[in-house]
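Colleague: Got a structure here, written out as structure tokens. Questions coming.
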Amino acid sequence: MSDVQTAKELQQNIEKLKTEIAKIIVGQDEIIHQIILSILSSSHSLLIGVPGLAKTLMVHTIAQALGLDFKRIQFTPDLMPSDILGTEILDEHRNFKFIKGPVFSNIILADEINRTPPKTQAALLEAMQEKSVSIANRHFELDKPFFVLATQNPIEQEGTYPLPEAQLDRFMFALQLDYPSFDEEIDIVKNTTIQRDTKINQILSKEQILQYQDLLKRVPVADNVIEYAVRLVGKTRPKSEAAPEIVQMYLDWGAGPRASQYLILGAKANALVNGKFSPDIEDVQAVAKGILRHRILLNYKGEAEGITADKLIEELL
């Protein structure tokens with residue numbers, strides 16, 4: 001099959017995938033769209049939202065529709081790295097035997113990731129970046145495709161450990177989930193307060209997902225689009241000559257080169273999903289907020305004056 005045919009098939013299958021997910025998840029279309037973009041880009045997403053917005057259900061439904069192995073890890077203050085990666089035990093013959101942890105799956109739901117200490121958070125770092133883990137002097141490759149979809153509760157900060165910048169940077173998107181609209185909430189209540197057995201059908205196979213990820217790498221990008229993405233990221237850096245006054249005034253820190261890479265990957269995925277064979281500047285703008293919001297750090301003045309990361313990104317766009 002040619003790349004053009006594969007791209008057309010991808011667009012049709014992603015439409016079917018969204019329709020299938022909508023059987024269970026009401027609304028949140030933009031969030032689901034961006035999670036799909038991160039999956040096509042072989043990357044990870046952080047979902048930020050108050051309890052009860054169906055974050056866990058959303059990830060479980062996506063895993064079912066993709067036909068992938070799914071494991072949920074509930075992050076708690078006493079969670080140890082071995083609870084994620086696995087551990088060695090002595091078998092009946094007194095030989096060491098490695099028991100694989102939940103990280104050996106295709107989709108990992110890291111629930112309330114900021115509830116566990118940095119040592120345990122760091123256990124996911126190698127898995128997220130290298131798609132492999134090292135434990136007990138042994139190296140294990142993880143099954144592909146592999147994604148971490150983490151959730152974080154923005155309200156209750158007591159007993160939480162803020163994610164280190166190095167870990168935050170490994171998430172392609174930080175997605176803010178909002179409350180549903182009035183009509184959406186009516187639908188949610190109607191659908192969840194009656195006996196209803198909704199079956200989610202598998203839309204894609206592992207092989208198709210890997211094929212689409214390979215296709216993404218071959219999508220051509222015009223130089224002016226790459227220059228736009230790099231220039232946009234450069235404007236977030238307060239010490240850069242290109243930084244506008246609002247950035248110099250309100251930001252302590254800007255986004256690194258990984259943001260530029262993710263802007264182009266996200267733009268490619270957005271273009272393919274929308275039936276285009278190459279991304280343009282509008283595709284970069286479509287993914288910019290989710291990619292940049294967790295990579296810029298507001299200073300004291302910015303926080304005191306109620307400036308948000310989203311507001312600042314809108315100014316830059």
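To be explicit about the labels: the chains of the structure tokens are called A, B, and onward in the order shown, and within each one the residues are counted from 1, while ligands get numbers from 1 in the order they are shown.
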Please report as a Markdown table every residue of segment 258-307 of chain A lying within 12 Å of segment 244-254 of chain A, along with the nearest atom pair and their distance in Å (one decimal), using only C-alpha atoms.

Modeller:
| residue | atom | partner | partner_atom | distance |
| --- | --- | --- | --- | --- |
| A:Arg258 | CA | A:Gly254 | CA | 11.5 |
| A:Ala259 | CA | A:Gly254 | CA | 9.9 |
| A:Ser260 | CA | A:Gly254 | CA | 11.8 |
| A:Leu292 | CA | A:Gly254 | CA | 8.8 |
| A:Arg293 | CA | A:Gly254 | CA | 10.0 |
| A:His294 | CA | A:Gly254 | CA | 9.8 |
| A:Arg295 | CA | A:Gly254 | CA | 6.5 |
| A:Ile296 | CA | A:Gly254 | CA | 4.6 |
| A:Leu297 | CA | A:Trp253 | CA | 5.0 |
| A:Leu298 | CA | A:Leu251 | CA | 4.4 |
| A:Asn299 | CA | A:Asp252 | CA | 5.0 |
| A:Tyr300 | CA | A:Tyr250 | CA | 7.7 |
| A:Lys301 | CA | A:Tyr250 | CA | 6.1 |
| A:Gly302 | CA | A:Tyr250 | CA | 4.5 |
| A:Glu303 | CA | A:Tyr250 | CA | 8.1 |
| A:Ala304 | CA | A:Tyr250 | CA | 9.8 |
| A:Glu305 | CA | A:Tyr250 | CA | 9.1 |
| A:Gly306 | CA | A:Tyr250 | CA | 10.3 |
| A:Ile307 | CA | A:Tyr250 | CA | 7.8 |

Colleague: Those selected residues, please, written with N, CA and C atoms and delivered as a PDB file, in the first residue's frame.

Modeller:
ATOM      1  N   ARG A 258      12.818  20.127  22.832  1.00  0.00           N
ATOM      2  CA  ARG A 258      11.844  19.036  22.675  1.00  0.00           C
ATOM      3  C   ARG A 258      10.468  19.579  22.303  1.00  0.00           C
ATOM      4  N   ALA A 259      10.170  20.816  22.742  1.00  0.00           N
ATOM      5  CA  ALA A 259       8.883  21.436  22.382  1.00  0.00           C
ATOM      6  C   ALA A 259       8.802  21.649  20.867  1.00  0.00           C
ATOM      7  N   SER A 260       9.910  22.081  20.260  1.00  0.00           N
ATOM      8  CA  SER A 260       9.927  22.282  18.795  1.00  0.00           C
ATOM      9  C   SER A 260       9.693  20.962  18.066  1.00  0.00           C
ATOM     10  N   LEU A 292       2.932  23.434  24.848  1.00  0.00           N
ATOM     11  CA  LEU A 292       3.741  24.463  25.510  1.00  0.00           C
ATOM     12  C   LEU A 292       3.341  24.747  26.961  1.00  0.00           C
ATOM     13  N   ARG A 293       2.068  24.483  27.321  1.00  0.00           N
ATOM     14  CA  ARG A 293       1.584  24.995  28.626  1.00  0.00           C
ATOM     15  C   ARG A 293       2.347  24.441  29.833  1.00  0.00           C
ATOM     16  N   HIS A 294       2.875  23.217  29.733  1.00  0.00           N
ATOM     17  CA  HIS A 294       3.597  22.658  30.884  1.00  0.00           C
ATOM     18  C   HIS A 294       5.110  22.832  30.758  1.00  0.00           C
ATOM     19  N   ARG A 295       5.534  23.561  29.717  1.00  0.00           N
ATOM     20  CA  ARG A 295       6.971  23.765  29.499  1.00  0.00           C
ATOM     21  C   ARG A 295       7.411  25.198  29.775  1.00  0.00           C
ATOM     22  N   ILE A 296       6.455  26.055  30.159  1.00  0.00           N
ATOM     23  CA  ILE A 296       6.827  27.424  30.498  1.00  0.00           C
ATOM     24  C   ILE A 296       6.508  27.666  31.973  1.00  0.00           C
ATOM     25  N   LEU A 297       7.383  28.416  32.633  1.00  0.00           N
ATOM     26  CA  LEU A 297       7.242  28.615  34.072  1.00  0.00           C
ATOM     27  C   LEU A 297       6.995  30.093  34.365  1.00  0.00           C
ATOM     28  N   LEU A 298       5.815  30.378  34.910  1.00  0.00           N
ATOM     29  CA  LEU A 298       5.476  31.763  35.266  1.00  0.00           C
ATOM     30  C   LEU A 298       6.289  32.217  36.474  1.00  0.00           C
ATOM     31  N   ASN A 299       6.688  33.489  36.481  1.00  0.00           N
ATOM     32  CA  ASN A 299       7.377  34.016  37.653  1.00  0.00           C
ATOM     33  C   ASN A 299       6.349  34.522  38.682  1.00  0.00           C
ATOM     34  N   TYR A 300       6.850  35.043  39.791  1.00  0.00           N
ATOM     35  CA  TYR A 300       5.959  35.481  40.873  1.00  0.00           C
ATOM     36  C   TYR A 300       5.008  36.569  40.381  1.00  0.00           C
ATOM     37  N   LYS A 301       5.541  37.505  39.581  1.00  0.00           N
ATOM     38  CA  LYS A 301       4.722  38.616  39.094  1.00  0.00           C
ATOM     39  C   LYS A 301       3.572  38.106  38.216  1.00  0.00           C
ATOM     40  N   GLY A 302       3.896  37.149  37.356  1.00  0.00           N
ATOM     41  CA  GLY A 302       2.872  36.576  36.471  1.00  0.00           C
ATOM     42  C   GLY A 302       1.752  35.921  37.252  1.00  0.00           C
ATOM     43  N   GLU A 303       2.138  35.139  38.282  1.00  0.00           N
ATOM     44  CA  GLU A 303       1.122  34.463  39.106  1.00  0.00           C
ATOM     45  C   GLU A 303       0.304  35.470  39.902  1.00  0.00           C
ATOM     46  N   ALA A 304       0.978  36.503  40.431  1.00  0.00           N
ATOM     47  CA  ALA A 304       0.280  37.518  41.234  1.00  0.00           C
ATOM     48  C   ALA A 304      -0.732  38.292  40.405  1.00  0.00           C
ATOM     49  N   GLU A 305      -0.424  38.501  39.127  1.00  0.00           N
ATOM     50  CA  GLU A 305      -1.324  39.281  38.261  1.00  0.00           C
ATOM     51  C   GLU A 305      -2.337  38.401  37.526  1.00  0.00           C
ATOM     52  N   GLY A 306      -2.364  37.100  37.879  1.00  0.00           N
ATOM     53  CA  GLY A 306      -3.379  36.205  37.302  1.00  0.00           C
ATOM     54  C   GLY A 306      -3.138  35.835  35.844  1.00  0.00           C
ATOM     55  N   ILE A 307      -1.885  35.957  35.397  1.00  0.00           N
ATOM     56  CA  ILE A 307      -1.551  35.530  34.027  1.00  0.00           C
ATOM     57  C   ILE A 307      -1.490  34.003  34.017  1.00  0.00           C
TER      58      ILE A 307
END

Colleague: Within 6 Å of Ala65 of chain A, counting only C-alpha atoms, which residues show up once you throw out same-chain ones fewer than 6 positions away? Write them as a list in words, please.

Modeller: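 The residues satisfying every condition are Asn201, Gln202 and Ile203 of chain A.
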
Colleague: Using only C-alpha atoms, which residues sit within 8 Å of Ile24 of chain A once same-chain residues fewer than 2 positions away are excluded, as a list in words?

Modeller: Glu20, Ile21, Ala22, Val26, Thr61 and Thr198 of chain A

Colleague: For N, CA and C atoms, I'd like the residues from the last selection saved as a short mmCIF file (atom, residue, chain, number, x, y, z; two decimals), in the first residue's frame.

Modeller:
data_model
loop_
_atom_site.label_atom_id
_atom_site.label_comp_id
_atom_site.auth_asym_id
_atom_site.auth_seq_id
_atom_site.Cartn_x
_atom_site.Cartn_y
_atom_site.Cartn_z
N GLU A 20 -16.42 5.39 17.88
CA GLU A 20 -16.49 4.28 18.83
C GLU A 20 -16.32 4.77 20.27
N ILE A 21 -15.34 5.66 20.47
CA ILE A 21 -15.08 6.20 21.81
C ILE A 21 -16.29 7.01 22.30
N ALA A 22 -16.96 7.70 21.37
CA ALA A 22 -18.12 8.54 21.72
C ALA A 22 -19.31 7.71 22.23
N VAL A 26 -18.95 11.13 26.58
CA VAL A 26 -19.76 12.23 26.04
C VAL A 26 -18.91 13.50 26.06
N THR A 61 -11.37 3.25 27.64
CA THR A 61 -12.16 3.13 26.40
C THR A 61 -11.25 3.21 25.17
N THR A 198 -22.85 -1.32 26.86
CA THR A 198 -22.28 -0.83 25.60
C THR A 198 -20.98 -1.55 25.32
#

Colleague: Compile the contact shell of Val148 of chain A as a list in words: residues with an atom at most 6 Å away, counting only C-alpha atoms, same-chain residues fewer than 2 positions apart removed.

Modeller: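 Returned residues: His44, Ile107 and Ile108 of chain A.
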
Colleague: Got time to write the residues from that selection, C-alpha atoms, as a tab-separated table (two decimals), in the first residue's frame?

Modeller:
chain	number	residue	atom	x	y	z
A	44	HIS	CA	2.67	10.45	26.15
A	107	ILE	CA	-1.02	1.60	27.52
A	108	ILE	CA	-0.19	2.60	31.10

Colleague: As a PyMOL selection string, please: every residue in segment 47-220 of chain A that a backbone DSSP assignment puts in helix (DSSP H, G or I).

Modeller: chain A and resi 55-66+81-85+113-115+118-130+165-168+182-192+206-218

Colleague: Atom CA of Thr192 of chain A to atom CA of Pro154 of chain A: how many Å, to one decimal?

Modeller: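 The value is 25.2 Å.
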
Colleague: With a distance cut-off of 8 Å and only C-alpha atoms, select the neighbouring residues of Gly234 of chain A, excluding the residue or stretch itself and same-chain residues fewer than 3 positions from it, and output the selection as a PyMOL selection string.

Modeller: chain A and resi 230-231+237+240+242-243+254-255
